[in-house]
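Q: After the structure tokens below, expect a handful of questions from me.
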Amino acid sequence: MRVVRIPCLTDNQAYWLPDLGVVVDPSEAAPVLDALEGAPLRAVWCTHHHPDHVGGIAGLIARFPGLRVYGSGKRPIAGLTHELADGEQLEGATILAVPGHTLDALAFYLPDGEGDVFVGDTLFAMGCGRLFEGDASMMWASLQRLRALPATTRVWFGHDYAARNLQFSTAILPVDREPAPPPIALRTERMTNLFLRADDPDVAAAVGRAPGLATFSELRERRDRF
Ligand SMILES: [Fe+2]
């Protein structure tokens with residue numbers, strides 16, 4: 001699947017899927033319209049309701065009347081036209097409910113080729129989202145679902161926090177990795193993202209907790225203070 005990364009705001013990433021006429025998480029309209037260069041836009045996919053992911057929707061509707069706007073509907077999103085539930089299919093994408101960062105968090109998984117998944121603020125390079133609405137067990141379950149996708153899957157994050165997350169990770173358990181912009185192969189995240197490795201005995205030993213949820217919670221609390 002062709003994916004065009006569109007940097008927005010400070011460190012947000014919107015993504016344009018030209019073959020589908022879809023934009024994921026338009027924080028702002030202007031950079032998206034610049035990237036489109038007049039190409040048609042049919043739909044917006046929203047990973048969650050935070051303003052730095054949906055702020056560009058009104059501007060896009062103004063340019064493309066009739067634009068379809070998809071999200072979970074569990075939290076209000078101005079301009080939303082279609083609600084999506086876990087397991088639903090949309091334009092070849094499977095919808096995954098991944099609550100934790102927010103209760104309305106969705107991931108969009110497209111299996112074509114290597115596979116692509118748009119994860120919003122649930123998963124980041126070497127990190128994961130803060131727990132604004134859900135709790136640790138919810139987020140740990142969501143991360144395990146994402147982790148179970150095929151290893152080749154390209155992961156497209158809502159923000160680029162790789163440099164800071166690498167500093168955090170290195171302070172706990174050194175990893176052989178450099179910060180790089182999205183996409184990152186899921187295989188790489190599985191091996192080097194401590195939050196995806198919370199049930200790995202080595203990571204659990206490094207934070208002095210039992211493998212699994214307790215280690216995940218400890219990592220999340222430490223990252224909140226980092
Ligand atoms: Fe967010």
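Naming scheme: A, B, ... for chains in displayed order of the structure tokens; residues 1 onward per chain; ligands 1 onward as shown.
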Per DSSP on the backbone, filter stretch 2-226 of chain A down to the residues in alpha helix (DSSP H) and report them as a ChimeraX atom specification.
A: /A:30-36,51-54,57-63,136-147,162-172,186-192,201-207,213-225
Q: Report as a list in words which protein, DNA and RNA residues come within 10 Å of ligand 1, using only C-alpha atoms and all ligand atoms.
A: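 If we count only C-alpha atoms and all ligand atoms, the neighbours of ligand 1 turn out to be Asn12, Thr47, His48, His49, His50, Pro51, Asp52, His53, Val54, His101, Thr102, Ala105, Gly120, Asp121, Thr122, Gly129, Arg130, Leu131, Phe132, Gly158 and His159 of chain A.
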Q: Suppose we keep C-alpha atoms; can you now write the selection as a tab-separated table (two decimals), in the first residue's frame?
A:
```
chain	number	residue	atom	x	y	z
A	12	ASN	CA	2.33	14.73	14.57
A	47	THR	CA	-7.58	6.76	15.37
A	48	HIS	CA	-8.98	8.76	18.31
A	49	HIS	CA	-10.61	12.03	19.27
A	50	HIS	CA	-7.64	14.12	20.42
A	51	PRO	CA	-7.47	17.56	18.76
A	52	ASP	CA	-3.97	16.95	17.43
A	53	HIS	CA	-5.40	14.10	15.34
A	54	VAL	CA	-8.73	15.52	14.18
A	101	HIS	CA	-4.58	5.95	25.54
A	102	THR	CA	-8.24	6.83	25.03
A	105	ALA	CA	-8.71	4.33	20.25
A	120	GLY	CA	-2.45	6.60	16.40
A	121	ASP	CA	-1.14	7.15	19.94
A	122	THR	CA	-1.41	3.52	21.10
A	129	GLY	CA	0.77	6.21	24.50
A	130	ARG	CA	-0.01	7.71	27.88
A	131	LEU	CA	-3.02	6.34	29.77
A	132	PHE	CA	-5.40	9.31	29.56
A	158	GLY	CA	0.75	9.18	15.35
A	159	HIS	CA	3.84	10.97	16.66
```
Q: Return the single residue from A:Val24, A:Met1, A:Leu196, A:Leu36 that is closest to A:Arg68, with distances computed using only C-alpha atoms.
A: A:Val24
Q: Which stretch 150-175 of chain A residues have any atom within 9 Å of an atom of stretch 179-187 of chain A, and for each, what is the nearest pair of atoms with distance in Å to one decimal, counting only C-alpha atoms, rows sorted by chain and number, as a Markdown table?
A:
```
| residue | atom | partner | partner_atom | distance |
| --- | --- | --- | --- | --- |
| A:Pro150 | CA | A:Leu186 | CA | 7.5 |
| A:Ala151 | CA | A:Arg187 | CA | 4.5 |
| A:Thr152 | CA | A:Ala185 | CA | 5.8 |
| A:Thr153 | CA | A:Leu186 | CA | 5.4 |
| A:Arg154 | CA | A:Ala185 | CA | 4.6 |
| A:Val155 | CA | A:Pro183 | CA | 5.1 |
| A:Trp156 | CA | A:Pro183 | CA | 4.9 |
| A:Phe157 | CA | A:Pro182 | CA | 6.5 |
| A:His159 | CA | A:Pro182 | CA | 8.9 |
| A:Asp160 | CA | A:Pro181 | CA | 6.5 |
| A:Tyr161 | CA | A:Pro179 | CA | 8.6 |
| A:Ala162 | CA | A:Pro179 | CA | 5.1 |
| A:Ala163 | CA | A:Pro179 | CA | 5.3 |
| A:Arg164 | CA | A:Pro179 | CA | 8.9 |
| A:Asn165 | CA | A:Pro179 | CA | 8.7 |
| A:Leu166 | CA | A:Pro179 | CA | 7.0 |
```
Q: With N, CA and C atoms retained, write the just-selected residues as an mmCIF file, in the first residue's frame.
A:
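The resulting file, out_0.cif, is reproduced below:
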```cif
data_model
loop_
_atom_site.group_PDB
_atom_site.id
_atom_site.type_symbol
_atom_site.label_atom_id
_atom_site.label_comp_id
_atom_site.auth_asym_id
_atom_site.auth_seq_id
_atom_site.Cartn_x
_atom_site.Cartn_y
_atom_site.Cartn_z
ATOM 1 N N PRO A 150 1.269 -9.681 11.792
ATOM 2 C CA PRO A 150 2.459 -10.261 11.151
ATOM 3 C C PRO A 150 3.710 -9.389 11.350
ATOM 4 N N ALA A 151 4.844 -10.063 11.510
ATOM 5 C CA ALA A 151 6.103 -9.371 11.839
ATOM 6 C C ALA A 151 6.521 -8.358 10.786
ATOM 7 N N THR A 152 6.100 -8.592 9.536
ATOM 8 C CA THR A 152 6.507 -7.674 8.454
ATOM 9 C C THR A 152 5.734 -6.361 8.468
ATOM 10 N N THR A 153 4.642 -6.317 9.213
ATOM 11 C CA THR A 153 3.744 -5.155 9.181
ATOM 12 C C THR A 153 4.505 -3.861 9.432
ATOM 13 N N ARG A 154 4.253 -2.885 8.578
ATOM 14 C CA ARG A 154 4.853 -1.555 8.769
ATOM 15 C C ARG A 154 3.961 -0.764 9.718
ATOM 16 N N VAL A 155 4.568 -0.229 10.786
ATOM 17 C CA VAL A 155 3.798 0.482 11.801
ATOM 18 C C VAL A 155 3.970 1.987 11.594
ATOM 19 N N TRP A 156 2.815 2.643 11.481
ATOM 20 C CA TRP A 156 2.791 4.098 11.239
ATOM 21 C C TRP A 156 2.243 4.763 12.506
ATOM 22 N N PHE A 157 3.098 5.466 13.224
ATOM 23 C CA PHE A 157 2.751 6.050 14.523
ATOM 24 C C PHE A 157 2.141 7.450 14.361
ATOM 25 N N HIS A 159 2.812 9.968 16.345
ATOM 26 C CA HIS A 159 3.843 10.972 16.662
ATOM 27 C C HIS A 159 5.204 10.338 16.446
ATOM 28 N N ASP A 160 6.208 11.179 16.277
ATOM 29 C CA ASP A 160 7.573 10.682 16.206
ATOM 30 C C ASP A 160 8.300 11.060 17.498
ATOM 31 N N TYR A 161 8.289 10.126 18.451
ATOM 32 C CA TYR A 161 8.954 10.333 19.740
ATOM 33 C C TYR A 161 10.176 9.421 19.873
ATOM 34 N N ALA A 162 10.689 8.948 18.739
ATOM 35 C CA ALA A 162 11.719 7.901 18.784
ATOM 36 C C ALA A 162 12.953 8.310 19.591
ATOM 37 N N ALA A 163 13.414 9.547 19.419
ATOM 38 C CA ALA A 163 14.662 9.950 20.080
ATOM 39 C C ALA A 163 14.503 9.907 21.602
ATOM 40 N N ARG A 164 13.412 10.488 22.096
ATOM 41 C CA ARG A 164 13.175 10.516 23.546
ATOM 42 C C ARG A 164 12.930 9.097 24.087
ATOM 43 N N ASN A 165 12.181 8.303 23.337
ATOM 44 C CA ASN A 165 11.907 6.938 23.790
ATOM 45 C C ASN A 165 13.169 6.084 23.809
ATOM 46 N N LEU A 166 14.081 6.366 22.890
ATOM 47 C CA LEU A 166 15.347 5.627 22.898
ATOM 48 C C LEU A 166 16.136 5.957 24.170
#
```
Q: For A:Arg42, which residue among A:Ala125, A:Leu149, A:Leu17, A:Val3 is the nearest when counting only C-alpha atoms?
A: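 Ranking A:Ala125, A:Leu149, A:Leu17, A:Val3 by distance to A:Arg42, first place goes to A:Leu17.
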Q: Set out as a Markdown table a contact list for stretch 135-196 of chain A and stretch 203-219 of chain A with a cut-off of 8 Å, giving each residue of stretch 135-196 of chain A that qualifies its closest atom pair and distance in Å to one decimal, counting only C-alpha atoms, ordered by chain and rising residue number.
A:
```
| residue | atom | partner | partner_atom | distance |
| --- | --- | --- | --- | --- |
| A:Ala136 | CA | A:Ser217 | CA | 5.8 |
| A:Ser137 | CA | A:Leu213 | CA | 6.3 |
| A:Trp140 | CA | A:Leu213 | CA | 6.6 |
| A:Ile172 | CA | A:Ala206 | CA | 6.4 |
| A:Leu173 | CA | A:Ala206 | CA | 6.7 |
| A:Leu194 | CA | A:Val203 | CA | 6.8 |
| A:Phe195 | CA | A:Phe216 | CA | 6.1 |
```
Q: Output the selection as a PDB file, in the first residue's frame - N, CA and C atoms for each residue.
A:
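Heads up, here's the output in out02.pdb:
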```
ATOM      1  N   ALA A 136      -3.899   0.473  32.761  1.00  0.00           N
ATOM      2  CA  ALA A 136      -2.736  -0.272  32.287  1.00  0.00           C
ATOM      3  C   ALA A 136      -3.131  -1.627  31.701  1.00  0.00           C
ATOM      4  N   SER A 137      -4.094  -2.298  32.320  1.00  0.00           N
ATOM      5  CA  SER A 137      -4.433  -3.633  31.813  1.00  0.00           C
ATOM      6  C   SER A 137      -5.087  -3.532  30.429  1.00  0.00           C
ATOM      7  N   TRP A 140      -2.184  -2.760  27.986  1.00  0.00           N
ATOM      8  CA  TRP A 140      -1.338  -3.938  27.797  1.00  0.00           C
ATOM      9  C   TRP A 140      -2.045  -4.938  26.881  1.00  0.00           C
ATOM     10  N   ILE A 172      17.015   1.791  30.884  1.00  0.00           N
ATOM     11  CA  ILE A 172      16.504   0.567  31.531  1.00  0.00           C
ATOM     12  C   ILE A 172      17.217  -0.673  31.014  1.00  0.00           C
ATOM     13  N   LEU A 173      17.256  -0.809  29.704  1.00  0.00           N
ATOM     14  CA  LEU A 173      17.870  -1.988  29.098  1.00  0.00           C
ATOM     15  C   LEU A 173      18.384  -1.548  27.723  1.00  0.00           C
ATOM     16  N   LEU A 194      10.367  -1.842  24.758  1.00  0.00           N
ATOM     17  CA  LEU A 194      10.213  -2.447  26.092  1.00  0.00           C
ATOM     18  C   LEU A 194       8.747  -2.659  26.445  1.00  0.00           C
ATOM     19  N   PHE A 195       7.871  -1.762  25.972  1.00  0.00           N
ATOM     20  CA  PHE A 195       6.444  -1.872  26.316  1.00  0.00           C
ATOM     21  C   PHE A 195       5.804  -3.101  25.659  1.00  0.00           C
TER      22      PHE A 195
END
```
Q: Would you mind listing what lies within 8 Å of A:Tyr70 as a ChimeraX atom specification, with only C-alpha atoms counted and same-chain residues fewer than 3 positions away left out?
A: /A:43-46,80-84
Q: So how far away is atom CA of A:Pro31 from atom CA of A:Leu146, in Å?
A: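 Answer for the atom CA of A:Leu146 to atom CA of A:Pro31 separation: 28.6 Å.
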Q: Just list the residues in chain A DSSP gives strand (DSSP E or B) on the backbone, as a PyMOL selection string.
A: chain A and resi 4-8+12-17+22-24+43-45+68-71+82-83+89-90+93-97+106-110+116-120+123-124+127-128+154-157+159+184-185
Q: In Å to one decimal, how far is atom CA of A:Asp86 from atom CA of A:Pro18?
A: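 Computed distance, atom CA of A:Pro18 to atom CA of A:Asp86, equals 24.5 Å.
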Q: Looking at A:Glu37, A:Asp116, A:Asp25, A:Glu178, which one is nearest to A:Gly71, with distances taken over only C-alpha atoms?
A: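 Closest residue, counting only C-alpha atoms: A:Asp25.
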Q: For A:Val22, which residue among A:Gly87, A:Pro65, A:Pro111, A:Pro40 is the nearest when counting only C-alpha atoms?
A: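 Of all the options, A:Pro40 lies closest to A:Val22.
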Q: Can you tell me how far atom CA of A:Pro99 sits from atom CA of A:Gly21, in Å to one decimal?
A: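 Answer for the atom CA of A:Pro99 to atom CA of A:Gly21 separation: 26.4 Å.
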